[in-house]
$ cat input_21.cif   # mmCIF, C-alpha atoms and all ligand atoms
data_target
loop_
_atom_site.label_atom_id
_atom_site.label_comp_id
_atom_site.auth_asym_id
_atom_site.auth_seq_id
_atom_site.Cartn_x
_atom_site.Cartn_y
_atom_site.Cartn_z
CA MET G 16 12.80 -38.60 -116.26
CA ALA G 17 9.48 -38.25 -117.87
CA ILE G 18 5.94 -39.12 -117.19
CA ARG G 19 4.65 -41.58 -119.72
CA THR G 20 1.14 -42.19 -120.85
CA ILE G 21 -0.55 -45.04 -119.05
CA LEU G 22 -2.35 -47.21 -121.54
CA THR G 23 -5.83 -48.50 -120.93
CA LEU G 24 -7.54 -51.80 -121.38
CA ASP G 25 -8.21 -51.54 -125.07
CA LYS G 26 -4.52 -51.63 -125.99
CA PRO G 27 -3.24 -55.00 -127.16
CA VAL G 28 0.06 -54.60 -125.35
CA LEU G 29 -1.83 -55.07 -122.09
CA ARG G 30 -2.90 -58.49 -123.28
CA THR G 31 0.48 -59.60 -124.54
CA LYS G 32 2.99 -61.72 -122.69
CA ALA G 33 5.97 -59.45 -122.21
CA LYS G 34 9.50 -60.45 -123.16
CA LYS G 35 12.32 -61.07 -120.79
CA VAL G 36 14.93 -58.38 -120.49
CA SER G 37 18.39 -59.39 -121.55
CA ARG G 38 20.19 -56.08 -121.66
CA PHE G 39 20.60 -54.02 -118.56
CA ASP G 40 21.48 -50.87 -120.37
CA ALA G 41 20.77 -47.18 -120.29
CA TYR G 42 17.50 -47.69 -122.09
CA LEU G 43 16.29 -49.89 -119.26
CA GLN G 44 17.50 -47.44 -116.62
CA ARG G 45 15.60 -44.67 -118.26
CA LEU G 46 12.47 -46.75 -118.55
CA VAL G 47 12.60 -47.62 -114.86
CA ASP G 48 13.14 -43.97 -113.92
CA ASP G 49 10.18 -42.98 -116.05
CA MET G 50 8.04 -45.70 -114.55
CA TRP G 51 8.77 -44.48 -111.03
CA GLU G 52 7.83 -40.99 -111.99
CA THR G 53 4.74 -42.08 -113.87
CA MET G 54 3.55 -44.31 -111.05
CA ARG G 55 4.01 -41.66 -108.39
CA ALA G 56 2.33 -39.00 -110.44
CA ALA G 57 -0.72 -41.12 -111.16
CA PRO G 58 -0.59 -41.72 -108.15
CA GLY G 59 -0.27 -45.44 -107.91
CA VAL G 60 1.56 -48.06 -105.93
CA GLY G 61 2.64 -50.25 -108.78
CA LEU G 62 3.21 -50.08 -112.50
CA ALA G 63 4.28 -52.64 -115.08
CA ALA G 64 6.15 -51.80 -118.27
CA PRO G 65 3.35 -52.94 -120.61
CA GLN G 66 1.17 -50.25 -119.06
CA VAL G 67 3.44 -47.66 -120.60
CA GLY G 68 3.68 -49.52 -123.87
CA GLU G 69 6.89 -51.47 -123.30
CA SER G 70 6.31 -55.16 -123.66
CA ILE G 71 9.15 -56.25 -121.43
CA ARG G 72 9.24 -57.82 -117.98
CA VAL G 73 9.79 -54.84 -115.73
CA LEU G 74 7.74 -53.50 -112.85
CA VAL G 75 7.96 -50.97 -110.08
CA ALA G 76 6.05 -51.13 -106.82
CA GLU G 77 6.10 -49.14 -103.67
CA TYR G 78 4.43 -49.53 -100.34
CA GLU G 79 5.46 -47.97 -97.08
CA ASP G 80 9.16 -48.58 -96.73
CA GLN G 81 9.30 -51.11 -99.52
CA ALA G 82 10.07 -49.91 -103.00
CA VAL G 83 11.25 -52.26 -105.67
CA ALA G 84 12.08 -52.14 -109.34
CA LEU G 85 12.05 -55.71 -110.61
CA VAL G 86 13.28 -57.04 -113.90
CA ASN G 87 12.25 -60.51 -115.05
CA PRO G 88 10.41 -61.21 -111.79
CA GLU G 89 9.27 -64.73 -111.02
CA ILE G 90 7.21 -65.90 -108.11
CA ILE G 91 9.21 -68.76 -106.66
CA LYS G 92 7.12 -69.31 -103.59
CA ARG G 93 3.59 -68.51 -102.66
CA SER G 94 1.75 -69.11 -99.43
CA ASP G 95 -1.05 -71.62 -99.33
CA ASP G 96 -3.42 -69.20 -97.83
CA GLU G 97 -5.33 -67.03 -100.15
CA VAL G 98 -6.89 -63.70 -99.39
CA LEU G 99 -9.55 -61.72 -101.12
CA GLY G 100 -9.20 -58.03 -101.75
CA THR G 101 -10.42 -55.16 -103.82
CA GLU G 102 -8.15 -54.08 -106.62
CA GLY G 103 -8.07 -51.32 -109.09
CA CYS G 104 -5.71 -50.73 -111.96
CA LEU G 105 -4.30 -47.61 -113.53
CA SER G 106 -5.13 -49.17 -116.87
CA ILE G 107 -8.77 -49.66 -115.93
CA PRO G 108 -9.68 -46.25 -114.63
CA GLY G 109 -12.96 -45.85 -112.87
CA PHE G 110 -13.48 -49.50 -111.99
CA VAL G 111 -12.50 -51.86 -109.24
CA GLY G 112 -12.87 -55.54 -108.68
CA ASP G 113 -13.99 -57.06 -105.41
CA ASP G 114 -12.75 -60.25 -103.87
CA VAL G 115 -9.78 -60.75 -106.13
CA PRO G 116 -8.00 -63.82 -104.80
CA ARG G 117 -4.25 -63.66 -104.23
CA ALA G 118 -1.72 -65.59 -102.25
CA ARG G 119 -1.21 -63.85 -98.93
CA ALA G 120 2.56 -63.99 -99.22
CA VAL G 121 4.99 -64.49 -102.05
CA THR G 122 8.70 -64.68 -102.64
CA VAL G 123 9.83 -63.17 -105.89
CA LYS G 124 13.11 -63.75 -107.60
CA ALA G 125 14.17 -61.03 -110.00
CA ARG G 126 16.99 -58.83 -111.11
CA ASP G 127 17.37 -55.23 -110.22
CA PRO G 128 17.72 -52.71 -113.06
CA ARG G 129 21.49 -53.18 -113.01
CA GLY G 130 21.22 -56.89 -113.44
CA LYS G 131 21.92 -58.05 -109.94
CA GLU G 132 19.83 -60.96 -108.74
CA ILE G 133 17.53 -60.16 -105.87
CA ARG G 134 14.77 -61.77 -103.88
CA VAL G 135 11.82 -59.99 -102.42
CA LYS G 136 9.60 -61.42 -99.73
CA ALA G 137 6.25 -59.76 -99.59
CA GLU G 138 3.19 -60.26 -97.48
CA ASP G 139 -0.35 -59.04 -97.43
CA TRP G 140 -0.91 -55.91 -99.34
CA PHE G 141 2.53 -55.62 -100.88
CA ALA G 142 2.28 -59.25 -101.97
CA ARG G 143 -0.98 -58.39 -103.68
CA VAL G 144 0.59 -55.50 -105.51
CA LEU G 145 3.44 -57.67 -106.76
CA GLN G 146 1.07 -60.40 -107.95
CA HIS G 147 -1.05 -57.82 -109.74
CA GLU G 148 1.99 -56.34 -111.47
CA ILE G 149 3.50 -59.68 -112.41
CA ASP G 150 0.14 -60.59 -113.92
CA HIS G 151 0.51 -57.57 -116.18
CA LEU G 152 3.70 -59.06 -117.57
CA ASP G 153 1.69 -62.06 -118.69
CA GLY G 154 -1.10 -60.01 -120.17
CA VAL G 155 -3.41 -60.80 -117.29
CA LEU G 156 -5.61 -58.23 -115.58
CA PHE G 157 -7.49 -58.42 -112.30
CA ILE G 158 -10.77 -58.64 -114.19
CA ASP G 159 -9.62 -62.03 -115.45
CA ARG G 160 -9.48 -63.38 -111.92
CA ILE G 161 -12.99 -62.59 -110.78
CA PRO G 162 -16.49 -63.05 -112.11
CA LYS G 163 -17.89 -60.15 -114.04
CA GLU G 164 -20.31 -59.21 -111.36
CA ASN G 165 -17.44 -58.41 -109.02
CA VAL G 166 -16.35 -55.58 -111.27
CA ARG G 167 -17.97 -52.32 -110.42
CA ARG G 168 -17.65 -48.68 -111.06
CA VAL G 169 -15.86 -46.93 -108.35
CA GLU G 170 -17.69 -44.25 -106.49
CA GLU G 171 -16.26 -40.84 -106.54
CA ASP G 172 -15.37 -40.96 -102.90
CA GLU G 173 -13.77 -44.33 -102.91
CA LEU G 174 -11.50 -44.30 -105.86
CA ILE G 175 -9.06 -47.03 -105.63
CA GLU G 176 -6.13 -47.70 -107.76
CA GLU G 177 -3.45 -49.99 -108.84
CA GLY G 178 -3.07 -52.84 -106.51
CA GLU G 179 -5.38 -51.48 -103.92
CA VAL G 180 -5.74 -53.20 -100.68
CA GLU G 181 -6.82 -56.11 -98.74
CA LYS G 182 -10.36 -55.47 -98.04
CA VAL G 183 -11.40 -58.82 -96.82
CA THR G 184 -9.08 -61.26 -95.29
CA THR G 185 -10.15 -64.80 -95.32
CA GLY G 186 -8.83 -68.19 -94.67
CA LYS G 187 -8.14 -70.86 -97.17
CA ASN G 188 -11.66 -71.39 -98.13
CA GLY G 189 -12.20 -67.87 -99.07
CA LYS G 190 -15.35 -67.21 -97.20
CA GLN G 191 -16.76 -64.05 -98.53
CA GLU G 192 -18.02 -61.55 -96.14
CA LYS G 193 -19.65 -59.27 -98.51
CA GLN G 194 -21.57 -59.23 -101.65
CA PRO G 195 -20.21 -57.19 -104.46
CA GLU G 196 -22.79 -54.59 -104.04
CA ARG G 197 -21.74 -51.55 -105.82
CA ASN G 198 -22.64 -48.91 -103.34
CA GLU G 199 -20.94 -50.49 -100.50
CA ARG G 200 -17.85 -48.80 -99.27
CA PRO G 201 -14.77 -50.79 -98.56
CA ALA G 202 -14.29 -51.68 -94.98
CA ALA G 203 -12.44 -49.05 -93.11
CA SER G 204 -9.82 -51.45 -91.99
CA VAL G 205 -8.45 -52.01 -95.32
CA SER G 206 -6.55 -49.50 -96.84
CA PRO G 207 -3.27 -48.53 -95.46
CA SER G 208 -2.59 -45.03 -96.45
CA LEU G 209 0.43 -44.09 -98.32
CA PRO G 210 2.66 -41.31 -97.28
CA GLY G 211 3.09 -38.38 -99.48
CA LYS G 212 0.78 -39.37 -102.21
CA GLY G 213 -1.46 -37.40 -104.22
CA PRO G 214 -1.06 -34.27 -106.11
CA GLY G 215 -4.68 -34.30 -105.25
CA GLY G 216 -7.41 -32.73 -106.85
CA ARG G 217 -8.10 -32.86 -110.41
CA SER G 218 -11.69 -32.17 -110.21
CA SER G 219 -14.29 -34.54 -111.16
CA SER G 220 -17.66 -33.50 -112.03
CA SER G 221 -19.19 -36.51 -113.49
CA ARG G 222 -20.22 -39.16 -111.15
CA PRO G 223 -20.79 -42.34 -113.02
CA SER G 224 -24.38 -43.23 -113.25
CA SER G 225 -25.59 -46.26 -111.48
CA ARG G 226 -25.99 -49.07 -113.85
CA PRO G 227 -25.18 -52.22 -112.07
CA SER G 228 -26.01 -54.37 -114.97
CA SER G 229 -23.17 -55.93 -116.81
CA PRO G 230 -20.40 -53.85 -115.40
CA LEU G 231 -17.65 -55.52 -117.27
CA THR G 232 -19.19 -54.85 -120.60
CA SER G 233 -19.71 -51.28 -119.77
CA ALA G 234 -16.23 -51.14 -118.38
CA THR G 235 -14.75 -52.31 -121.55
CA SER G 236 -16.58 -49.89 -123.67
CA ALA G 237 -16.27 -46.99 -121.34
CA ILE G 238 -12.63 -47.11 -120.80
CA SER G 239 -11.03 -46.20 -124.00
CA THR G 240 -10.56 -42.52 -123.60
CA THR G 241 -8.61 -41.59 -120.58
CA SER G 242 -5.01 -42.30 -120.14
CA ALA G 243 -4.73 -42.18 -116.44
CA THR G 244 -6.84 -42.05 -113.43
CA SER G 245 -5.84 -40.34 -110.37
CA ALA G 246 -7.06 -42.07 -107.36
CA VAL G 247 -6.79 -42.20 -103.67
CA HIS G 248 -6.95 -44.76 -101.04
CA SER G 249 -10.26 -45.13 -99.49
CA SER G 250 -8.93 -44.39 -96.07
CA SER G 251 -7.91 -40.96 -97.10
CA THR G 252 -10.77 -40.04 -99.25
CA GLU G 253 -11.93 -37.22 -97.11
CA SER G 254 -8.84 -35.21 -97.49
CA ALA G 255 -7.83 -36.23 -100.89
CA THR G 256 -10.55 -37.13 -103.18
CA ALA G 257 -8.94 -37.21 -106.49
CA ALA G 258 -10.82 -38.14 -109.45
CA THR G 259 -11.16 -40.01 -112.56
CA ARG G 260 -10.69 -37.75 -115.36
CA GLY G 261 -13.46 -38.01 -117.69
CA GLY G 262 -13.45 -41.62 -116.78
CA GLY G 263 -15.63 -42.50 -119.60
CA ARG G 264 -19.19 -43.24 -119.49
ZN ZN L 1 -2.76 -52.86 -113.05
#
$ encode --input "input_21.cif" --output "structure tokens"
Amino acid sequence: MAIRTILTLDKPVLRTKAKKVSRFDAYLQRLVDDMWETMRAAPGVGLAAPQVGESIRVLVAEYEDQAVALVNPEIIKRSDDEVLGTEGCLSIPGFVGDDVPRARAVTVKARDPRGKEIRVKAEDWFARVLQHEIDHLDGVLFIDRIPKENVRRVEEDELIEEGEVEKVTTGKNGKQEKQPERNERPAASVSPSLPGKGPGGRSSSSRPSSRPSSPLTSATSAISTTSATSAVHSSSTESATAATRGGGR
């Protein structure tokens, strides 16, 4: 197994619709193994193959006791109710998006890495992670699903990553409880902590400066350098504040 470089926003592969997998061979097994290792080292809770430069429909995701490696995943059922949540992405280090709408529950049909057909039912936060990752396979990022002003730099003490959490749960109409104000911390209720995460502490010295104006534009330009961002869930920030590395600015 090997840790692969996680590509950032400026790479075209992240904007490309990935191809279906037709061969369940050793190459695929190795890719999946590497993706597990890469995701856990980041640390993250989900990773899609395009994020490591492979434009094929493969993802890994892990939350609590659920860990799945899905090949050619398709959402075959989604709940009518939609929830809003804050998401980050390993490919967009240093930024999060508030109030990203997702179906609260989904059923995904896929194959496992050996080619066996499987179905995964996911709710709440795990459902969000799967939708985020499946989006990657279509070249879609969370920033495409929200207005620009919902994208903000993440504060040093609330780094959030790939597929992060339900922050706000709403009914169908998506009533928003908060404004995307950049200094606001996520509600404490949100973020389920993950066991055993976090090599912890690469240090971070540079706190991003506060420039609320046009966050997306600055995001895009700021992001090109780093390959991976280590991040923690907001609920565990006190003990494990990891950091963006260089995170651009
Ligand atoms: Zn992502």
$ residues_around --input "input_21.cif" --residues "region 37-44 of chain G" --least-positions-apart "6" --cutoff "8 Å" --atoms "only C-alpha atoms" --output "ChimeraX atom specification"
/G:128-130
$ residues_near_ligand --input "input_21.cif" --ligand "ligand ZN 1 (chain L)" --cutoff "12 Å" --atoms "only C-alpha atoms and all ligand atoms" --output "PyMOL selection string"
chain G and resi 21-24+29-30+54+59-67+74-76+102-108+110-112+143-159+175-179+243-244
$ atom_distance --input "input_21.cif" --atom1 "CA of Pro116 (chain G)" --atom2 "CA of Ala82 (chain G)"
22.9 Å
$ atom_distance --input "input_21.cif" --atom1 "CA of Lys34 (chain G)" --atom2 "CA of Val73 (chain G)"
9.3 Å
$ residues_around --input "input_21.cif" --residues "Ala142 (chain G)" --least-positions-apart "3" --cutoff "7 Å" --atoms "all atoms listed in the file" --output "ChimeraX atom specification"
/G:119-121,137-139,145-146
$ build_atoms --input "input_21.cif" --residues "region 18-41 of chain G" --atoms "N, CA and C atoms" --output "mmCIF file, in the coordinates of the input"
data_model
loop_
_atom_site.group_PDB
_atom_site.id
_atom_site.type_symbol
_atom_site.label_atom_id
_atom_site.label_comp_id
_atom_site.auth_asym_id
_atom_site.auth_seq_id
_atom_site.Cartn_x
_atom_site.Cartn_y
_atom_site.Cartn_z
ATOM 1 N N ILE G 18 7.182 -38.393 -117.449
ATOM 2 C CA ILE G 18 5.940 -39.120 -117.190
ATOM 3 C C ILE G 18 5.419 -39.671 -118.505
ATOM 4 N N ARG G 19 5.154 -40.952 -118.498
ATOM 5 C CA ARG G 19 4.650 -41.580 -119.720
ATOM 6 C C ARG G 19 3.146 -41.780 -119.642
ATOM 7 N N THR G 20 2.578 -41.953 -120.795
ATOM 8 C CA THR G 20 1.140 -42.190 -120.850
ATOM 9 C C THR G 20 0.829 -43.610 -120.380
ATOM 10 N N ILE G 21 -0.123 -43.718 -119.501
ATOM 11 C CA ILE G 21 -0.550 -45.040 -119.050
ATOM 12 C C ILE G 21 -1.658 -45.533 -119.973
ATOM 13 N N LEU G 22 -1.410 -46.671 -120.562
ATOM 14 C CA LEU G 22 -2.350 -47.210 -121.540
ATOM 15 C C LEU G 22 -3.529 -47.890 -120.846
ATOM 16 N N THR G 23 -4.632 -47.883 -121.512
ATOM 17 C CA THR G 23 -5.830 -48.500 -120.930
ATOM 18 C C THR G 23 -6.168 -49.800 -121.655
ATOM 19 N N LEU G 24 -7.075 -50.458 -121.031
ATOM 20 C CA LEU G 24 -7.540 -51.800 -121.380
ATOM 21 C C LEU G 24 -7.660 -52.167 -122.861
ATOM 22 N N ASP G 25 -7.984 -51.216 -123.665
ATOM 23 C CA ASP G 25 -8.210 -51.540 -125.070
ATOM 24 C C ASP G 25 -6.921 -51.746 -125.862
ATOM 25 N N LYS G 26 -5.777 -51.508 -125.239
ATOM 26 C CA LYS G 26 -4.520 -51.630 -125.990
ATOM 27 C C LYS G 26 -3.989 -53.056 -125.934
ATOM 28 N N PRO G 27 -3.688 -53.600 -127.097
ATOM 29 C CA PRO G 27 -3.240 -55.000 -127.160
ATOM 30 C C PRO G 27 -2.003 -55.302 -126.319
ATOM 31 N N VAL G 28 -1.160 -54.329 -126.126
ATOM 32 C CA VAL G 28 0.060 -54.600 -125.350
ATOM 33 C C VAL G 28 -0.271 -55.053 -123.935
ATOM 34 N N LEU G 29 -1.425 -54.650 -123.440
ATOM 35 C CA LEU G 29 -1.830 -55.070 -122.090
ATOM 36 C C LEU G 29 -2.264 -56.516 -122.050
ATOM 37 N N ARG G 30 -2.474 -57.093 -123.198
ATOM 38 C CA ARG G 30 -2.900 -58.490 -123.280
ATOM 39 C C ARG G 30 -1.822 -59.376 -123.865
ATOM 40 N N THR G 31 -0.627 -58.867 -123.925
ATOM 41 C CA THR G 31 0.480 -59.600 -124.540
ATOM 42 C C THR G 31 1.459 -60.048 -123.465
ATOM 43 N N LYS G 32 1.958 -61.260 -123.626
ATOM 44 C CA LYS G 32 2.990 -61.720 -122.690
ATOM 45 C C LYS G 32 4.278 -60.963 -123.000
ATOM 46 N N ALA G 33 4.798 -60.306 -121.995
ATOM 47 C CA ALA G 33 5.970 -59.450 -122.210
ATOM 48 C C ALA G 33 7.253 -60.276 -122.272
ATOM 49 N N LYS G 34 8.230 -59.738 -122.960
ATOM 50 C CA LYS G 34 9.500 -60.450 -123.160
ATOM 51 C C LYS G 34 10.464 -60.214 -122.002
ATOM 52 N N LYS G 35 11.284 -61.220 -121.802
ATOM 53 C CA LYS G 35 12.320 -61.070 -120.790
ATOM 54 C C LYS G 35 13.338 -60.026 -121.220
ATOM 55 N N VAL G 36 13.886 -59.367 -120.232
ATOM 56 C CA VAL G 36 14.930 -58.380 -120.490
ATOM 57 C C VAL G 36 16.267 -59.087 -120.521
ATOM 58 N N SER G 37 17.069 -58.788 -121.535
ATOM 59 C CA SER G 37 18.390 -59.390 -121.550
ATOM 60 C C SER G 37 19.496 -58.348 -121.463
ATOM 61 N N ARG G 38 19.145 -57.119 -121.726
ATOM 62 C CA ARG G 38 20.190 -56.080 -121.660
ATOM 63 C C ARG G 38 19.874 -55.064 -120.578
ATOM 64 N N PHE G 39 20.784 -54.950 -119.665
ATOM 65 C CA PHE G 39 20.600 -54.020 -118.560
ATOM 66 C C PHE G 39 21.349 -52.737 -118.901
ATOM 67 N N ASP G 40 20.767 -52.018 -119.797
ATOM 68 C CA ASP G 40 21.480 -50.870 -120.370
ATOM 69 C C ASP G 40 20.800 -49.553 -119.996
ATOM 70 N N ALA G 41 21.282 -48.514 -120.619
ATOM 71 C CA ALA G 41 20.770 -47.180 -120.290
ATOM 72 C C ALA G 41 19.293 -47.036 -120.660
#
